[in-house]
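**Student:** This one is coords24.txt, compact mmCIF, C-alpha atoms.
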```
# COMPACT_ATOMS: atom_id res chain seq x y z
CA MET A 1 41.54 -36.60 46.06
CA LYS A 2 44.47 -37.76 43.90
CA ALA A 3 46.61 -40.80 44.69
CA PHE A 4 49.85 -42.48 43.65
CA VAL A 5 50.24 -46.24 44.06
CA LEU A 6 53.55 -48.07 44.44
CA GLU A 7 52.93 -51.82 44.45
CA ASP A 8 55.15 -54.47 42.84
CA GLU A 9 52.43 -57.12 42.49
CA CYS A 10 50.30 -56.44 39.41
CA LEU A 11 47.10 -58.06 40.69
CA SER A 12 47.38 -56.33 44.08
CA ARG A 13 48.05 -53.00 42.37
CA GLU A 14 44.98 -53.35 40.17
CA ARG A 15 42.85 -54.28 43.18
CA LEU A 16 44.01 -51.24 45.14
CA LYS A 17 43.36 -48.97 42.14
CA ARG A 18 39.88 -50.45 41.76
CA ILE A 19 39.08 -49.87 45.43
CA LEU A 20 40.32 -46.29 45.24
CA GLY A 21 38.18 -45.70 42.16
CA ASN A 22 35.14 -47.03 44.01
CA LEU A 23 35.87 -44.48 46.73
CA ASN A 24 36.11 -41.59 44.23
CA VAL A 25 39.89 -41.29 44.44
CA LYS A 26 41.68 -40.59 41.17
CA VAL A 27 44.88 -42.62 40.71
CA GLU A 28 47.10 -40.26 38.75
CA GLY A 29 50.27 -42.36 38.90
CA GLU A 30 51.51 -45.86 39.64
CA ALA A 31 54.78 -47.79 39.80
CA GLU A 32 55.97 -51.33 40.43
CA ASN A 33 59.44 -50.58 41.85
CA LYS A 34 61.34 -47.91 43.75
CA GLN A 35 63.20 -46.41 40.80
CA GLU A 36 60.06 -46.05 38.71
CA ALA A 37 58.29 -44.38 41.62
CA LEU A 38 61.12 -41.89 42.19
CA GLU A 39 61.12 -40.92 38.51
CA LYS A 40 57.34 -40.44 38.28
CA LEU A 41 57.03 -38.54 41.56
CA LYS A 42 59.23 -35.79 40.13
CA PHE A 43 56.39 -34.78 37.84
CA ILE A 44 53.21 -35.24 39.87
CA ASN A 45 51.95 -33.99 43.20
CA PRO A 46 49.36 -36.41 44.64
CA ASP A 47 47.39 -35.86 47.82
CA VAL A 48 48.20 -39.33 49.13
CA VAL A 49 50.72 -42.05 48.21
CA PHE A 50 50.26 -45.73 48.93
CA LEU A 51 53.70 -47.31 49.28
CA ASP A 52 54.42 -51.02 49.35
CA VAL A 53 57.11 -51.65 51.95
CA LYS A 54 58.96 -54.53 50.29
CA LEU A 55 60.05 -53.86 46.70
CA PRO A 56 62.37 -55.68 44.28
CA ASP A 57 64.88 -52.80 44.32
CA GLY A 58 64.45 -51.33 47.79
CA THR A 59 61.67 -50.32 50.17
CA GLY A 60 58.72 -47.99 50.26
CA ILE A 61 60.29 -46.41 53.33
CA GLU A 62 63.13 -45.15 51.11
CA VAL A 63 60.56 -43.62 48.76
CA ALA A 64 58.87 -41.97 51.75
CA SER A 65 62.20 -40.43 52.74
CA TYR A 66 62.53 -38.96 49.25
CA ILE A 67 59.02 -37.53 49.41
CA ILE A 68 59.55 -35.89 52.80
CA SER A 69 62.86 -34.38 51.70
CA ASN A 70 61.79 -33.11 48.27
CA PHE A 71 58.12 -32.07 48.44
CA GLU A 72 57.41 -28.61 49.81
CA ASN A 73 53.98 -29.84 50.86
CA PRO A 74 54.42 -33.62 51.10
CA PRO A 75 51.43 -35.84 50.39
CA TYR A 76 50.01 -38.13 53.03
CA ILE A 77 51.95 -41.39 53.18
CA VAL A 78 50.19 -44.72 53.65
CA PHE A 79 52.25 -47.91 53.77
CA VAL A 80 50.84 -51.16 52.46
CA THR A 81 52.37 -54.45 53.50
CA ALA A 82 51.66 -58.10 54.15
CA TYR A 83 53.84 -57.94 57.25
CA GLY A 84 52.42 -56.33 60.38
CA GLU A 85 55.86 -55.95 61.95
CA TYR A 86 56.59 -53.12 59.52
CA ALA A 87 53.89 -50.97 61.08
CA LEU A 88 56.08 -49.40 63.76
CA GLU A 89 58.85 -48.58 61.29
CA ALA A 90 56.29 -47.08 58.95
CA PHE A 91 55.04 -44.67 61.60
CA LYS A 92 58.62 -43.48 62.19
CA VAL A 93 58.60 -42.02 58.67
CA ASN A 94 55.78 -39.52 59.20
CA SER A 95 53.20 -41.82 57.64
CA ILE A 96 49.56 -41.25 58.49
CA ASP A 97 48.65 -44.95 58.55
CA TYR A 98 49.36 -48.40 57.14
CA VAL A 99 47.20 -51.07 55.50
CA LEU A 100 47.74 -54.81 55.59
CA LYS A 101 47.30 -56.99 52.51
CA PRO A 102 45.14 -58.35 51.06
CA TYR A 103 43.42 -55.04 50.44
CA LYS A 104 39.95 -54.56 51.85
CA GLU A 105 37.74 -51.65 50.90
CA GLU A 106 36.81 -50.93 54.52
CA ASP A 107 40.52 -50.52 55.42
CA ILE A 108 41.16 -48.11 52.56
CA LYS A 109 37.99 -46.20 53.40
CA ARG A 110 39.14 -45.87 57.02
CA VAL A 111 42.49 -44.39 55.90
CA LEU A 112 40.80 -41.92 53.53
CA GLU A 113 38.42 -40.80 56.28
CA LYS A 114 41.39 -40.23 58.55
CA ILE A 115 43.03 -38.06 55.86
CA ASN A 116 39.82 -36.07 55.38
CA ASN A 117 39.66 -35.45 59.13
CA PHE A 118 43.21 -34.12 59.05
CA GLU A 119 42.37 -31.87 56.10
CA ASN A 120 39.32 -30.47 57.88
CA LYS A 121 41.46 -29.64 60.90
CA LYS A 122 44.03 -27.92 58.66
CA VAL A 123 41.32 -25.76 57.11
CA ALA A 124 40.07 -24.80 60.56
CA ILE A 125 43.59 -23.88 61.67
CA THR A 126 44.19 -21.85 58.50
CA ASN A 127 40.97 -19.92 59.07
CA MET A 128 42.07 -19.14 62.61
CA LEU A 129 45.54 -17.90 61.63
CA PRO A 130 44.50 -14.26 61.03
CA LEU A 131 43.00 -14.20 64.52
CA VAL A 132 46.00 -15.90 66.09
CA SER A 133 48.47 -13.57 64.39
CA LYS A 134 46.80 -10.56 66.00
CA SER A 135 47.71 -11.95 69.37
CA GLU A 136 51.02 -10.74 70.79
CA ASP A 137 51.86 -14.23 72.01
CA ILE A 138 51.24 -17.59 70.47
CA PHE A 139 52.47 -20.81 71.99
CA ILE A 140 53.89 -23.83 70.23
CA PRO A 141 53.64 -27.23 71.97
CA VAL A 142 56.84 -29.29 71.62
CA LYS A 143 58.16 -32.52 73.10
CA TYR A 144 61.21 -32.78 75.33
CA LEU A 145 62.01 -36.17 76.84
CA ASN A 146 58.71 -37.38 78.31
CA LYS A 147 56.95 -34.03 78.62
CA TYR A 148 55.44 -31.24 76.54
CA ILE A 149 56.56 -27.61 76.73
CA LEU A 150 55.00 -24.44 75.31
CA LEU A 151 57.44 -22.24 73.37
CA LYS A 152 57.02 -18.65 72.24
CA PRO A 153 58.21 -17.84 68.70
CA SER A 154 60.84 -15.54 70.21
CA ASP A 155 62.42 -18.59 71.91
CA ILE A 156 63.08 -20.31 68.58
CA TYR A 157 66.28 -19.93 66.54
CA TYR A 158 65.35 -22.23 63.69
CA ILE A 159 63.14 -25.17 62.77
CA LYS A 160 64.49 -28.16 60.87
CA ALA A 161 62.66 -30.93 59.01
CA GLU A 162 64.02 -34.39 59.69
CA LEU A 163 62.85 -37.79 58.49
CA SER A 164 60.34 -38.66 61.18
CA GLU A 165 59.82 -35.43 63.16
CA THR A 166 60.52 -31.71 63.10
CA VAL A 167 63.30 -30.29 65.29
CA ILE A 168 62.87 -26.89 67.01
CA ARG A 169 66.14 -25.31 68.16
CA THR A 170 66.19 -22.88 71.08
CA LYS A 171 69.21 -21.48 72.89
CA ASP A 172 69.45 -24.41 75.31
CA HIS A 173 67.68 -27.40 73.74
CA GLU A 174 66.40 -29.18 70.68
CA TYR A 175 62.69 -30.02 70.91
CA LEU A 176 60.56 -32.29 68.71
CA SER A 177 57.20 -31.80 67.04
CA ASN A 178 54.95 -33.88 64.79
CA LYS A 179 53.92 -30.78 62.83
CA ARG A 180 55.35 -30.56 59.33
CA LEU A 181 57.61 -27.73 58.26
CA TYR A 182 55.03 -26.08 56.02
CA GLU A 183 52.61 -25.93 58.98
CA PHE A 184 55.21 -23.99 60.98
CA GLU A 185 55.83 -21.77 57.96
CA GLN A 186 52.13 -20.84 57.86
CA LEU A 187 51.88 -20.35 61.61
CA LEU A 188 55.00 -18.15 61.85
CA SER A 189 54.77 -16.30 58.53
CA ASN A 190 54.21 -12.92 60.18
CA LYS A 191 56.50 -13.53 63.16
CA GLY A 192 59.84 -12.82 61.47
CA PHE A 193 60.54 -16.38 60.30
CA PHE A 194 61.87 -17.12 56.82
CA ARG A 195 62.15 -20.32 54.74
CA THR A 196 65.85 -20.45 53.81
CA HIS A 197 65.94 -24.04 52.55
CA LYS A 198 63.47 -26.85 51.91
CA SER A 199 64.47 -28.23 55.33
CA PHE A 200 64.89 -25.03 57.39
CA ILE A 201 62.88 -22.07 58.70
CA VAL A 202 64.96 -19.40 60.43
CA ASN A 203 64.08 -16.69 62.95
CA LEU A 204 65.60 -13.56 61.36
CA SER A 205 65.89 -11.83 64.73
CA LYS A 206 68.34 -14.52 65.91
CA ILE A 207 70.77 -14.18 62.98
CA LYS A 208 74.26 -12.88 63.83
CA GLU A 209 75.67 -12.78 60.29
CA MET A 210 75.21 -14.20 56.80
CA LYS A 211 78.40 -15.15 54.99
CA VAL A 212 78.35 -15.60 51.21
CA VAL A 213 79.57 -19.08 50.23
CA GLU A 214 79.55 -21.16 47.04
CA GLN A 215 76.88 -20.60 44.37
CA SER A 216 75.86 -17.32 46.08
CA LYS A 217 74.35 -19.17 49.04
CA PHE A 218 74.48 -17.81 52.60
CA LEU A 219 76.04 -19.51 55.60
CA ILE A 220 73.96 -18.24 58.53
CA SER A 221 75.32 -18.04 62.08
CA PHE A 222 73.33 -17.10 65.17
CA ASP A 223 73.68 -15.09 68.36
CA GLY A 224 74.07 -17.34 71.37
CA ILE A 225 74.41 -20.77 69.71
CA PRO A 226 77.27 -22.31 67.66
CA ASP A 227 75.02 -23.79 64.94
CA THR A 228 75.29 -22.68 61.32
CA ILE A 229 72.81 -23.21 58.48
CA LYS A 230 73.49 -23.03 54.76
CA THR A 231 70.67 -21.66 52.65
CA SER A 232 69.66 -23.07 49.30
CA ARG A 233 70.43 -20.94 46.25
CA ASP A 234 66.75 -19.98 45.94
CA GLY A 235 66.56 -19.35 49.68
CA ALA A 236 69.50 -16.93 49.44
CA LYS A 237 67.90 -15.19 46.46
CA PHE A 238 64.58 -14.71 48.26
CA LEU A 239 66.39 -13.58 51.41
CA ARG A 240 68.31 -10.93 49.46
CA GLU A 241 65.10 -9.69 47.92
CA PHE A 242 63.31 -9.68 51.28
CA LEU A 243 66.14 -7.78 53.03
CA ASP A 244 66.95 -5.66 49.95
CA VAL A 245 70.69 -6.47 50.04
```
Is it possible to give me this structure as structure tokens?
**Tutor:**
Amino acid sequence: MKAFVLEDECLSRERLKRILGNLNVKVEGEAENKQEALEKLKFINPDVVFLDVKLPDGTGIEVASYIISNFENPPYIVFVTAYGEYALEAFKVNSIDYVLKPYKEEDIKRVLEKINNFENKKVAITNMLPLVSKSEDIFIPVKYLNKYILLKPSDIYYIKAELSETVIRTKDHEYLSNKRLYEFEQLLSNKGFFRTHKSFIVNLSKIKEMKVVEQSKFLISFDGIPDTIKTSRDGAKFLREFLDV
């Protein structure tokens, strides 16, 4: 496992790195402030990032927002803080856990075990996908108000990644899910869904028209709902190739 550490206190940073090394985690990047972290994260792709919440030039939560918006497969996010009241805010940013200072090896070990459990579940799901895709119907659990609902892929117009949760748009409602966008992309890859942007997956069968806009992007409109979605330039390129237009 590879890690990135953002911690503004030198002694605390060295302690965390030492603990991670003891637990066979390679620290492939570190930073002491927000700006340094943002620059370094452009060039590495760790499995997990440990983010100090309070920084001299911002917050670790702002760095988490960058990661979620810019990584196709975002790493696991773990917040580290001396202030327990930040825990709730941390979990709103799709973090897997948080650790209170001063660092203790048993706390870091607990977080890493939690990540490994998630990874094992992902492998199991991936292995099941060929079997699931043979089924005519699959069902996607989503949240609406205080209840869960099972959606069929044919109910979905598009799926959008937001800061803390993923939004699933149907004709009548917007639903929420804790699944990440890349997990939906894997699950729906053979169901007529297409990644048009780092933040959007679109059901091709729901598209009404695609209008060419600036930089050769598409502005997508849908049958039955007023929403529009603009593709990225790469998304438009791949869509043209896929549709041979």
**Student:** For each of A:Ser199, A:Thr170, A:Ser65, A:Asn22, take the minimum atom-to-atom distance to Tyr182 (chain A), counting only C-alpha atoms, then give the residue where this is smallest.
**Tutor:**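 When distances to Tyr182 (chain A) are compared using only C-alpha atoms, the smallest one comes from A:Ser199.
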**Student:** Report the closest atom pair, with its distance in Å rounded to one decimal, for each residue of region 115-211 of chain A that has an atom no farther than 9 Å from region 222-229 of chain A; count all atoms listed in the file, sort by chain and then rising residue number, and write it as a tab-separated table.
**Tutor:**
```
residue	atom	partner	partner_atom	distance
A:Tyr157	CA	A:Phe222	CA	7.7
A:Thr170	CA	A:Ile225	CA	8.6
A:Lys171	CA	A:Ile225	CA	6.1
A:Asp172	CA	A:Ile225	CA	8.3
A:Thr196	CA	A:Ile229	CA	8.8
A:Phe200	CA	A:Ile229	CA	8.2
A:Val202	CA	A:Ile229	CA	8.9
A:Lys206	CA	A:Phe222	CA	5.7
A:Ile207	CA	A:Phe222	CA	4.5
A:Lys208	CA	A:Phe222	CA	4.5
A:Glu209	CA	A:Phe222	CA	6.9
```
**Student:** Just checking: using only C-alpha atoms, which residue out of A:Pro75, A:Tyr175, A:Asn146, A:Arg18 ends up closest to Ile44 (chain A)?
**Tutor:**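 The closest residue to Ile44 (chain A) is A:Pro75.
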**Student:** Measuring atom to atom with all atoms listed in the file, identify which of A:Leu151, A:Leu163, A:Lys217, A:Glu30 is nearest to Glu62 (chain A).
**Tutor:** A:Leu163
**Student:** Which is closer to Glu32 (chain A) than all the others in A:Ile159, A:Leu51, A:Ile201, A:Val212, using only C-alpha atoms?
**Tutor:**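 That would be A:Leu51, the residue with the smallest distance to Glu32 (chain A).
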